[in-house]
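The file start_36.txt contains compact mmCIF, C-alpha atoms:
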# COMPACT_ATOMS: atom_id res chain seq x y z
CA MET A 1 2.83 25.96 40.72
CA ALA A 2 3.86 29.36 39.40
CA LEU A 3 1.42 31.90 37.96
CA ILE A 4 2.70 33.30 34.67
CA ASP A 5 1.41 36.26 32.67
CA ILE A 6 1.25 35.36 28.98
CA GLN A 7 1.90 38.46 26.90
CA VAL A 8 1.47 39.46 23.26
CA PRO A 9 4.86 38.97 21.57
CA ASP A 10 6.45 41.05 18.83
CA ILE A 11 3.73 41.62 16.20
CA GLY A 12 5.85 43.43 13.65
CA ASP A 13 4.90 46.88 12.44
CA PHE A 14 1.42 46.95 13.97
CA ASP A 15 0.75 49.24 16.95
CA GLU A 16 -2.47 47.48 17.93
CA VAL A 17 -4.34 44.40 16.80
CA THR A 18 -7.87 43.15 17.47
CA VAL A 19 -8.71 39.92 19.29
CA ILE A 20 -10.98 38.05 16.86
CA GLU A 21 -10.95 34.57 18.36
CA ILE A 22 -10.23 33.09 21.81
CA LEU A 23 -9.19 29.45 21.58
CA VAL A 24 -9.07 28.53 25.28
CA LYS A 25 -11.09 29.11 28.45
CA PRO A 26 -10.30 29.10 32.19
CA GLY A 27 -9.58 25.58 33.35
CA ASP A 28 -8.18 24.39 30.03
CA THR A 29 -4.83 22.65 30.04
CA VAL A 30 -2.52 23.93 27.32
CA LYS A 31 0.85 22.85 26.03
CA ALA A 32 3.82 25.00 25.19
CA ASP A 33 3.42 26.59 21.73
CA GLN A 34 -0.32 25.83 21.68
CA SER A 35 -2.33 28.68 20.16
CA LEU A 36 -4.29 30.69 22.71
CA LEU A 37 -6.05 33.31 20.62
CA THR A 38 -6.09 34.88 17.18
CA VAL A 39 -5.40 38.57 16.69
CA GLU A 40 -5.92 40.55 13.53
CA SER A 41 -4.69 43.77 11.99
CA ASP A 42 -6.03 45.35 8.83
CA LYS A 43 -3.53 43.22 6.88
CA ALA A 44 -3.13 39.84 8.52
CA SER A 45 -4.05 37.59 11.39
CA MET A 46 -1.70 35.81 13.78
CA GLU A 47 -2.12 33.20 16.47
CA ILE A 48 -0.60 33.95 19.86
CA PRO A 49 0.98 30.78 21.29
CA SER A 50 1.63 29.86 24.90
CA SER A 51 5.26 30.01 25.90
CA HIS A 52 4.67 27.31 28.54
CA GLY A 53 2.41 24.44 29.38
CA GLY A 54 -0.07 24.67 32.22
CA VAL A 55 -3.63 25.46 33.20
CA VAL A 56 -5.46 28.63 32.17
CA LYS A 57 -6.43 30.43 35.38
CA GLU A 58 -7.77 33.73 34.07
CA LEU A 59 -8.46 35.37 30.71
CA ARG A 60 -7.47 39.04 30.55
CA VAL A 61 -8.99 39.76 27.12
CA LYS A 62 -12.30 39.33 25.33
CA LEU A 63 -13.40 39.42 21.72
CA ASP A 64 -12.84 42.75 19.94
CA ASP A 65 -10.33 43.96 22.56
CA LYS A 66 -7.36 45.90 21.24
CA VAL A 67 -3.97 44.56 22.32
CA LYS A 68 -0.37 45.37 21.51
CA GLN A 69 3.06 43.97 22.19
CA GLY A 70 3.40 43.32 25.92
CA SER A 71 -0.35 43.19 26.64
CA ILE A 72 -1.27 40.41 29.08
CA VAL A 73 -3.78 38.04 27.46
CA LEU A 74 -4.16 35.44 30.22
CA VAL A 75 -2.72 34.10 33.44
CA LEU A 76 -1.33 30.58 33.31
CA GLU A 77 -0.61 28.24 36.19
CA ALA A 78 2.57 26.75 34.81
CA GLU A 79 3.57 23.15 35.16
CA ALA A 80 5.77 22.38 38.14
CA ASP A 81 8.97 22.04 36.14
CA ALA A 82 8.28 24.97 33.86
CA PRO A 83 10.76 27.85 34.04
CA VAL A 84 9.58 31.44 34.23
CA PRO A 85 8.92 32.59 30.68
CA ALA A 86 10.91 35.11 28.74
CA ALA A 87 9.26 38.42 28.11
CA GLU A 88 8.24 37.48 24.61
CA ALA A 89 6.95 34.45 22.78
CA ALA A 90 7.06 33.95 19.07
CA ALA A 91 3.81 34.42 17.22
CA ALA A 92 2.97 32.02 14.43
CA PRO A 93 0.92 33.27 11.48
CA ALA A 94 -2.56 31.82 11.43
CA VAL A 95 -3.25 29.29 8.74
CA SER A 96 -6.50 31.10 8.21
CA ALA A 97 -4.86 34.46 7.80
CA PRO A 98 -7.55 36.58 6.24
CA ALA A 99 -6.00 39.20 4.31
CA ALA A 100 -3.49 40.30 2.18
CA PRO A 101 0.02 39.29 3.17
CA VAL A 102 -0.82 35.78 2.63
CA ALA A 103 -2.14 36.86 -0.20
CA GLN A 104 1.07 38.73 -0.57
CA ALA A 105 -0.47 35.25 -1.53
CA ALA A 106 -0.54 35.36 -5.17
CA ALA A 107 -0.27 36.38 -8.47
CA VAL A 108 0.62 33.21 -10.15
CA ALA A 109 1.61 29.91 -8.91
CA ALA A 110 4.16 27.20 -8.90
CA PRO A 111 7.47 26.16 -7.57
CA VAL A 112 10.48 28.23 -8.22
CA ALA A 113 13.92 27.39 -9.28
CA VAL A 114 15.73 28.57 -12.24
CA ALA A 115 18.39 26.49 -13.85
CA SER A 116 18.30 23.59 -11.48
CA ALA A 117 17.84 25.69 -8.38
CA PRO A 118 14.71 24.52 -6.55
CA VAL A 119 12.74 27.39 -5.20
CA ALA A 120 9.23 27.55 -4.00
CA PRO A 121 6.04 28.24 -5.96
CA VAL A 122 4.55 31.50 -6.58
CA ALA A 123 2.87 34.29 -5.26
CA ALA A 124 -0.17 35.76 -4.02
CA ALA A 125 -1.64 39.17 -4.24
CA THR A 126 -0.68 41.90 -1.87
CA PRO A 127 -3.24 44.30 -0.51
CA ALA A 128 -4.20 47.11 -2.83
CA GLN A 129 -4.77 50.64 -1.69
CA ALA A 130 -8.25 51.08 -0.29
CA VAL A 131 -10.84 52.55 -2.60
CA PRO A 132 -13.45 55.02 -1.41
CA ALA A 133 -15.65 53.32 1.15
CA HIS A 134 -19.17 52.21 0.36
CA GLU A 135 -20.31 50.80 3.65
CA PRO A 136 -23.87 51.83 4.60
CA THR A 137 -24.85 51.27 8.18
CA ALA A 138 -27.62 48.95 9.25
CA VAL A 139 -31.14 50.11 10.05
CA THR A 140 -30.11 50.52 13.66
CA GLY A 141 -27.56 53.13 12.61
CA GLN A 142 -24.72 51.04 14.00
CA LEU A 143 -21.84 49.63 12.01
CA PRO A 144 -22.14 45.97 11.00
CA HIS A 145 -20.27 43.57 13.29
CA ALA A 146 -16.97 42.89 11.44
CA SER A 147 -13.23 43.18 11.97
CA PRO A 148 -11.18 46.02 10.43
CA SER A 149 -9.66 43.70 7.82
CA VAL A 150 -13.09 42.46 6.74
CA ARG A 151 -14.34 46.05 6.49
CA LYS A 152 -11.34 46.95 4.34
CA PHE A 153 -11.82 43.88 2.16
CA ALA A 154 -15.50 44.72 1.66
CA ARG A 155 -14.64 48.30 0.67
CA GLU A 156 -12.05 47.09 -1.85
CA ILE A 157 -14.50 44.86 -3.71
CA GLY A 158 -17.49 47.17 -3.29
CA VAL A 159 -19.69 45.12 -0.95
CA PRO A 160 -21.99 47.01 1.47
CA LEU A 161 -21.59 45.26 4.82
CA ALA A 162 -25.06 46.36 5.92
CA GLU A 163 -26.49 43.89 3.39
CA VAL A 164 -24.29 40.93 4.37
CA LYS A 165 -25.54 38.35 6.84
CA GLY A 166 -22.82 37.32 9.27
CA SER A 167 -22.17 33.66 10.04
CA GLY A 168 -19.66 34.22 12.86
CA PRO A 169 -20.28 34.39 16.61
CA LYS A 170 -23.03 36.87 17.48
CA GLY A 171 -23.62 37.54 13.79
CA ARG A 172 -20.04 38.64 13.13
CA ILE A 173 -19.38 39.08 9.40
CA THR A 174 -16.41 37.06 8.15
CA GLN A 175 -14.43 37.42 4.97
CA ASP A 176 -16.13 34.26 3.69
CA ASP A 177 -19.49 36.00 4.18
CA VAL A 178 -18.32 38.97 2.10
CA GLN A 179 -16.97 36.72 -0.63
CA GLY A 180 -20.17 34.67 -0.64
CA PHE A 181 -22.26 37.81 -0.99
CA ALA A 182 -20.09 39.03 -3.88
CA LYS A 183 -20.35 35.65 -5.63
CA SER A 184 -24.14 35.70 -5.26
CA VAL A 185 -24.28 39.12 -6.86
CA MET A 186 -21.99 38.07 -9.71
CA ALA A 187 -24.09 34.94 -10.30
CA GLY A 188 -27.29 36.95 -10.34
CA ASP A 189 -28.68 35.24 -7.25
CA VAL A 190 -28.97 38.52 -5.34
CA ARG A 191 -30.74 40.97 -7.58
CA THR A 192 -32.42 43.41 -5.22
CA GLN A 193 -29.35 43.80 -3.03
CA ALA A 194 -27.06 43.91 -6.04
CA GLN A 195 -28.54 47.24 -7.01
CA ALA A 196 -26.90 48.78 -3.95
CA VAL A 197 -23.45 47.33 -4.54
CA LYS A 198 -21.07 49.99 -5.74
CA ALA A 199 -17.96 48.47 -7.25
CA PRO A 200 -14.61 50.28 -7.09
CA ALA A 201 -13.85 52.51 -10.03
CA GLY A 202 -12.55 50.48 -12.91
CA SER A 203 -13.65 47.11 -11.53
CA GLY A 204 -16.54 46.80 -13.95
CA GLY A 205 -19.19 46.19 -11.29
CA ASP A 206 -21.05 42.89 -11.10
CA GLY A 207 -21.30 40.29 -13.83
CA ALA A 208 -24.54 41.72 -15.22
CA ALA A 209 -22.97 45.18 -15.52
CA LEU A 210 -20.16 43.62 -17.54
CA GLY A 211 -22.61 41.88 -19.78
CA LEU A 212 -21.49 38.47 -18.51
CA LEU A 213 -23.69 35.42 -18.27
CA PRO A 214 -24.36 34.06 -14.76
CA TRP A 215 -21.88 31.47 -13.54
CA PRO A 216 -23.09 28.05 -14.75
CA LYS A 217 -24.64 25.80 -12.13
CA VAL A 218 -23.98 22.17 -12.97
CA ASP A 219 -24.74 18.93 -11.16
CA PHE A 220 -21.39 17.32 -11.94
CA ALA A 221 -22.38 14.09 -10.17
CA LYS A 222 -24.83 13.20 -12.93
CA PHE A 223 -21.90 12.75 -15.32
CA GLY A 224 -19.83 10.52 -13.04
CA PRO A 225 -18.26 10.14 -9.59
CA VAL A 226 -17.11 13.38 -7.94
CA GLU A 227 -15.37 14.42 -4.76
CA ARG A 228 -15.99 17.84 -3.23
CA LYS A 229 -13.31 19.57 -1.19
CA GLU A 230 -13.58 23.06 0.22
CA MET A 231 -10.86 25.45 -0.88
CA SER A 232 -8.36 26.45 1.78
CA ARG A 233 -8.83 29.87 3.31
CA ILE A 234 -5.59 31.06 1.74
CA LYS A 235 -6.81 30.05 -1.72
CA LYS A 236 -10.10 31.86 -1.13
CA ILE A 237 -8.28 35.01 -0.09
CA SER A 238 -5.84 34.73 -2.96
CA GLY A 239 -8.67 34.27 -5.42
CA ALA A 240 -10.36 37.50 -4.38
CA ASN A 241 -7.10 39.42 -4.63
CA LEU A 242 -6.30 37.88 -8.01
CA LEU A 243 -9.72 38.81 -9.36
CA ARG A 244 -9.36 42.39 -8.16
CA ASN A 245 -5.87 42.78 -9.61
CA ALA A 246 -6.75 41.14 -12.91
CA ILE A 247 -9.79 43.39 -13.38
CA MET A 248 -8.45 46.70 -12.07
CA ILE A 249 -4.92 46.71 -13.51
CA PRO A 250 -4.42 47.21 -17.27
CA ALA A 251 -1.61 44.68 -17.45
CA VAL A 252 0.68 43.91 -20.38
CA THR A 253 3.38 41.20 -20.50
CA ASN A 254 6.73 41.47 -22.28
CA HIS A 255 8.62 38.23 -22.99
CA ASP A 256 12.35 37.84 -23.55
CA ASP A 257 15.19 35.33 -23.14
CA ALA A 258 18.39 35.78 -21.14
CA ASP A 259 21.59 33.85 -21.85
CA ILE A 260 22.68 32.48 -18.46
CA THR A 261 25.24 29.96 -19.71
CA ASP A 262 28.22 31.62 -18.03
CA LEU A 263 26.24 32.62 -14.94
CA GLU A 264 25.06 29.04 -14.38
CA ALA A 265 28.64 27.79 -14.67
CA PHE A 266 29.68 30.39 -12.08
CA ARG A 267 26.80 29.36 -9.81
CA VAL A 268 27.85 25.70 -9.94
CA SER A 269 31.50 26.52 -9.19
CA THR A 270 30.46 28.83 -6.35
CA ASN A 271 28.47 26.03 -4.74
CA LYS A 272 31.45 23.70 -4.98
CA GLU A 273 33.68 26.27 -3.31
CA ASN A 274 31.17 26.88 -0.52
CA GLU A 275 29.76 23.38 -0.06
CA LYS A 276 31.08 23.18 3.51
CA SER A 277 29.19 26.33 4.51
CA GLY A 278 25.83 24.62 4.09
CA VAL A 279 24.52 27.50 1.96
CA LYS A 280 23.37 26.52 -1.51
CA VAL A 281 23.46 29.37 -4.01
CA THR A 282 20.41 29.42 -6.26
CA MET A 283 19.92 31.13 -9.60
CA LEU A 284 17.13 33.10 -7.95
CA ALA A 285 19.67 34.84 -5.72
CA PHE A 286 21.57 36.06 -8.81
CA LEU A 287 18.27 37.06 -10.38
CA ILE A 288 17.36 39.17 -7.34
CA LYS A 289 20.67 41.04 -7.52
CA ALA A 290 20.23 41.59 -11.26
CA ILE A 291 16.65 42.81 -10.86
CA VAL A 292 17.62 45.26 -8.11
CA ALA A 293 20.27 46.73 -10.41
CA THR A 294 17.67 46.99 -13.18
CA LEU A 295 15.11 48.58 -10.85
CA LYS A 296 17.65 51.25 -9.94
CA LYS A 297 18.13 52.07 -13.63
CA TYR A 298 14.37 52.04 -14.29
CA PRO A 299 12.82 53.33 -11.02
CA GLU A 300 9.24 53.44 -12.33
CA PHE A 301 9.18 49.65 -11.93
CA ASN A 302 9.87 50.11 -8.19
CA SER A 303 6.92 52.44 -7.65
CA SER A 304 3.21 52.39 -6.75
CA LEU A 305 0.17 54.39 -7.79
CA ASP A 306 -1.36 56.67 -5.15
CA GLY A 307 -4.37 58.36 -6.70
CA ASP A 308 -3.03 60.51 -9.52
CA ALA A 309 0.53 60.41 -8.17
CA ILE A 310 3.31 57.86 -8.54
CA VAL A 311 5.27 56.98 -5.39
CA TYR A 312 8.90 56.12 -6.18
CA LYS A 313 10.44 53.96 -3.46
CA ASN A 314 14.07 54.41 -2.51
CA TYR A 315 14.30 50.94 -1.03
CA TRP A 316 14.36 47.57 -2.74
CA HIS A 317 12.40 44.80 -1.00
CA ILE A 318 11.96 41.77 -3.25
CA GLY A 319 9.17 39.24 -2.76
CA PHE A 320 9.60 35.61 -3.79
CA ALA A 321 7.22 32.69 -3.52
CA ALA A 322 7.23 29.75 -1.15
CA ASP A 323 5.06 26.66 -1.39
CA THR A 324 3.56 25.60 1.94
CA PRO A 325 1.12 22.90 3.04
CA ASN A 326 -1.47 25.65 3.57
CA GLY A 327 -0.98 27.45 0.27
CA LEU A 328 1.33 29.86 -1.47
CA MET A 329 3.00 32.57 0.56
CA VAL A 330 5.41 35.32 -0.44
CA PRO A 331 8.27 36.07 1.95
CA VAL A 332 10.05 39.36 1.38
CA ILE A 333 13.80 39.93 1.22
CA ARG A 334 14.29 43.40 2.67
CA ASP A 335 17.06 45.74 1.47
CA ALA A 336 18.14 43.26 -1.19
CA ASP A 337 20.47 45.91 -2.60
CA GLN A 338 22.60 45.71 0.55
CA LYS A 339 23.08 41.92 0.49
CA GLY A 340 25.40 39.66 -1.45
CA VAL A 341 24.41 36.52 -3.32
CA LEU A 342 25.49 34.19 -0.49
CA GLN A 343 23.52 36.17 2.08
CA LEU A 344 20.47 36.28 -0.20
CA SER A 345 20.61 32.50 -0.70
CA GLN A 346 20.86 31.88 3.04
CA GLU A 347 18.02 34.28 3.87
CA MET A 348 15.77 32.81 1.17
CA GLY A 349 16.36 29.33 2.55
CA GLU A 350 15.50 30.45 6.08
CA LEU A 351 12.35 32.33 5.00
CA ALA A 352 11.17 29.45 2.82
CA LYS A 353 11.55 27.05 5.76
CA LYS A 354 9.64 29.39 8.07
CA ALA A 355 6.89 29.62 5.45
CA ARG A 356 6.60 25.83 5.23
CA ASP A 357 6.56 25.57 9.04
CA GLY A 358 3.88 28.25 9.34
CA LYS A 359 6.14 30.59 11.29
CA LEU A 360 6.39 33.58 8.98
CA SER A 361 5.47 36.82 10.71
CA SER A 362 3.34 39.45 9.01
CA ALA A 363 6.39 41.72 8.83
CA GLU A 364 8.17 39.07 6.77
CA MET A 365 5.37 39.05 4.19
CA THR A 366 4.78 42.76 3.67
CA GLY A 367 6.52 45.72 2.08
CA ALA A 368 7.65 44.17 -1.22
CA THR A 369 8.37 46.64 -4.01
CA PHE A 370 8.72 44.01 -6.73
CA THR A 371 7.89 40.28 -6.91
CA ILE A 372 9.53 37.36 -8.68
CA SER A 373 7.36 34.41 -9.65
CA SER A 374 9.30 31.42 -10.93
CA LEU A 375 8.12 28.17 -12.48
CA GLY A 376 11.69 27.08 -13.14
CA GLY A 377 11.43 24.00 -10.96
CA ILE A 378 8.54 22.63 -13.02
CA GLY A 379 8.83 23.67 -16.65
CA GLY A 380 7.03 25.69 -19.27
CA LYS A 381 8.26 28.40 -21.58
CA TYR A 382 6.44 31.66 -20.79
CA PHE A 383 3.43 32.72 -18.72
CA LEU A 384 1.54 35.85 -17.70
CA PRO A 385 1.93 36.51 -13.97
CA ILE A 386 -0.64 38.74 -12.28
CA ILE A 387 0.71 41.87 -10.61
CA ASN A 388 0.70 42.02 -6.82
CA ALA A 389 -1.05 45.31 -6.11
CA PRO A 390 0.05 47.88 -5.07
CA GLU A 391 3.23 46.95 -6.95
CA VAL A 392 3.31 47.93 -10.63
CA ALA A 393 5.28 45.00 -12.09
CA ILE A 394 6.11 41.34 -11.53
CA MET A 395 8.74 39.12 -13.15
CA GLY A 396 7.79 35.62 -14.23
CA VAL A 397 10.64 33.17 -14.74
CA SER A 398 10.29 29.83 -16.52
CA LYS A 399 12.57 26.80 -16.85
CA SER A 400 15.91 27.44 -18.55
CA THR A 401 16.74 25.23 -21.55
CA MET A 402 19.70 24.64 -23.85
CA GLU A 403 19.01 26.19 -27.26
CA PRO A 404 21.00 26.76 -30.46
CA VAL A 405 21.94 30.44 -30.67
CA TRP A 406 23.54 32.13 -33.68
CA ASP A 407 26.81 33.82 -32.73
CA GLY A 408 27.39 35.45 -36.11
CA LYS A 409 29.21 32.47 -37.58
CA GLN A 410 27.46 29.38 -36.33
CA PHE A 411 24.82 28.04 -33.98
CA VAL A 412 26.17 27.28 -30.52
CA PRO A 413 24.39 25.71 -27.52
CA ARG A 414 23.47 28.28 -24.88
CA LEU A 415 21.42 28.04 -21.68
CA MET A 416 18.49 30.41 -22.15
CA LEU A 417 16.20 31.66 -19.37
CA PRO A 418 12.65 32.74 -20.39
CA LEU A 419 11.51 35.99 -18.77
CA SER A 420 7.92 37.27 -18.58
CA LEU A 421 7.60 40.84 -17.27
CA THR A 422 4.03 41.92 -16.52
CA TYR A 423 3.58 45.64 -15.92
CA ASP A 424 0.86 48.18 -15.14
CA HIS A 425 0.36 50.13 -18.36
CA ARG A 426 -0.89 53.17 -16.43
CA VAL A 427 2.62 53.64 -15.05
CA ILE A 428 4.88 51.89 -17.54
CA ASP A 429 4.84 51.92 -21.33
CA GLY A 430 5.88 49.13 -23.65
CA ALA A 431 9.21 50.66 -24.63
CA ALA A 432 10.28 50.93 -20.98
CA ALA A 433 9.31 47.30 -20.36
CA ALA A 434 11.33 46.15 -23.37
CA ARG A 435 14.34 48.13 -22.15
CA PHE A 436 13.94 46.64 -18.67
CA ASN A 437 14.07 43.09 -20.01
CA VAL A 438 16.97 43.86 -22.35
CA TYR A 439 19.02 45.45 -19.57
CA LEU A 440 18.21 42.59 -17.16
CA SER A 441 19.26 40.07 -19.81
CA GLN A 442 22.54 41.91 -20.31
CA ILE A 443 23.33 41.69 -16.59
CA LEU A 444 22.45 38.00 -16.46
CA GLY A 445 24.60 37.41 -19.54
CA ASP A 446 27.59 39.17 -17.97
CA PHE A 447 27.12 39.51 -14.23
CA ARG A 448 30.02 41.99 -13.95
CA ARG A 449 27.53 44.60 -15.19
CA VAL A 450 25.79 44.48 -11.79
CA LEU A 451 28.77 46.46 -10.46
CA LEU A 452 28.28 49.32 -12.92
Give the structure from the file, written as structure tokens.
Amino acid sequence: MALIDIQVPDIGDFDEVTVIEILVKPGDTVKADQSLLTVESDKASMEIPSSHGGVVKELRVKLDDKVKQGSIVLVLEAEADAPVPAAEAAAAPAVSAPAAPVAQAAAVAAPVAVASAPVAPVAAATPAQAVPAHEPTAVTGQLPHASPSVRKFAREIGVPLAEVKGSGPKGRITQDDVQGFAKSVMAGDVRTQAQAVKAPAGSGGDGAALGLLPWPKVDFAKFGPVERKEMSRIKKISGANLLRNAIMIPAVTNHDDADITDLEAFRVSTNKENEKSGVKVTMLAFLIKAIVATLKKYPEFNSSLDGDAIVYKNYWHIGFAADTPNGLMVPVIRDADQKGVLQLSQEMGELAKKARDGKLSSAEMTGATFTISSLGGIGGKYFLPIINAPEVAIMGVSKSTMEPVWDGKQFVPRLMLPLSLTYDHRVIDGAAAARFNVYLSQILGDFRRVLL
């Protein structure tokens, strides 16, 4: 039997992460790829798997410890035929990821695929910039027992952690506890504590402050048979982000149609020419290239608000949605401006598969400058996607249809793609949004323009 040190693998852009859950104890027998513990940054959580099977001999970490890549988390007595492990093991994102990248789970929802190209459903909300903290300490003068991501989440929605009762081990406050507290305030169930809740500027405060009626409480079972199922953690997280973004962003949506008749014909012929490569070119890949070209012409759409300043980004990372058994996730294509359509199609396929298999890393779900949400694989004409803060715009794409279009002499059948551009009116005005959609439609109508 060989003793093996199990180390923290590559955790992306994070210097240190916090151990929030230990899933094994000394004496446990584990299998290769079995999750050993959960670590968390201020943006996401990940499960650290075992690179080998064997028996846990010694734990080298405890709850709330800070670890980084290369840190030893436990000593494993490997199985007799197990080889010595490589220096790193791949970390799989936790299904219960609490924070935002998953949420880079969601603005809208539904499977993607424009013009017969099946792509995954839509997106979730990315983390917004933190608002000024309102986090009073408990009577003891010590900070409430909660992870950094939970503290950040509480600050963003204006919940004082000192007033939240934790349901986790040793009274640890979870994100569900924060959300439950906020729901109680909104429903009017927590009146005395609600007076202390300071909502972020522009959020409107609790339901009473908005003049809203309490959420109706109904015994649905008295009307007929019911079945109750708890929402997945990803949906809970996405819901909180969606609510924040919908309330805090003055969003406007501009609709338009793009003629993709010639582009679809080119896509089909390209797939025939490259069918032996195994890479299927999707309309979404062409759309990404066209949007990058449009973002370069209208850079305010590739920016973010930072207080009273606008941050213009000189890189183009495009988020797209993937439907997974655990909820909607948004992988990010980095440096999309430097990749061709074939490479984009291949990378999207690989990221979508990793999302479905639960193997997306946090680095592969963060950093988007613009998001595409497509319902093309399902149907519909137009919709209003919700912006993924801190981005300032999102493109919604619906199912393309053949329509009669007047060419100056007669009506001719053309394949039209509905576009729905939602934008933050604090940064972008209506005229700029209209120009964005017109220019994007011109590129999609004649893809040679992407070279200009």
Radius query 7 Å about (16.0, 44.8, -6.4), atoms used: only C-alpha atoms, as a ChimeraX atom specification: /A:288-289,291-293,295,316-318,336-337
Spatial neighbours of Thr422 in chain A, 12 Å, all atoms listed in the file, chain gap at least 3 places, as an MDAnalysis selection string: chainID A and resid 107:108 246 249:256 301 370:373 382:388 391:397 419 425 427:430 432:434 436:437
Leu444 in chain A environment, 12 Å, all atoms listed in the file, sequence neighbours closer than 2 positions dropped, as number ranges by chain: A: 257-264, 266-267, 283-291, 293-294, 415-419, 437-442, 446-450
Atom pair CA of Pro49 in chain A / CA of Leu37 in chain A: separation (Å):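 Computing it gives 7.5 Å between the two atoms.
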Coordinates-based distance that separates CA of Asp64 in chain A from CA of Gln7 in chain A (Å, one decimal):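 Those two atoms sit 16.9 Å apart.
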Computed interatomic separation between CA of Leu161 in chain A and CA of Asp177 in chain A (Å):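 Going from CA of Leu161 in chain A over to CA of Asp177 in chain A, I get 9.5 Å.
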Nearest candidate to Met231 in chain A (options A:Asp407, A:Val19, A:Tyr298, A:Asp176; using only C-alpha atoms):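 Result for the nearest residue to Met231 in chain A: A:Asp176.
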Among listed residues A:Ile157, A:Ile20, A:Val61, A:Ala146, nearest Asn241 in chain A (using all atoms listed in the file):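 Among the listed residues, the smallest separation from Asn241 in chain A belongs to A:Ile157.
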Cut-off 9 Å around (2.0, 30.5, 41.1) with all atoms listed in the file: residues as a VMD selection string: chain A and resid 1 to 4 76 to 78
Selection: 6 Å around Ser50 in chain A, all atoms listed in the file, excl. self and same-chain fewer than 5 positions, as a list in words: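 Everything that qualifies: Ala32, Asp33 and Gln34 of chain A.
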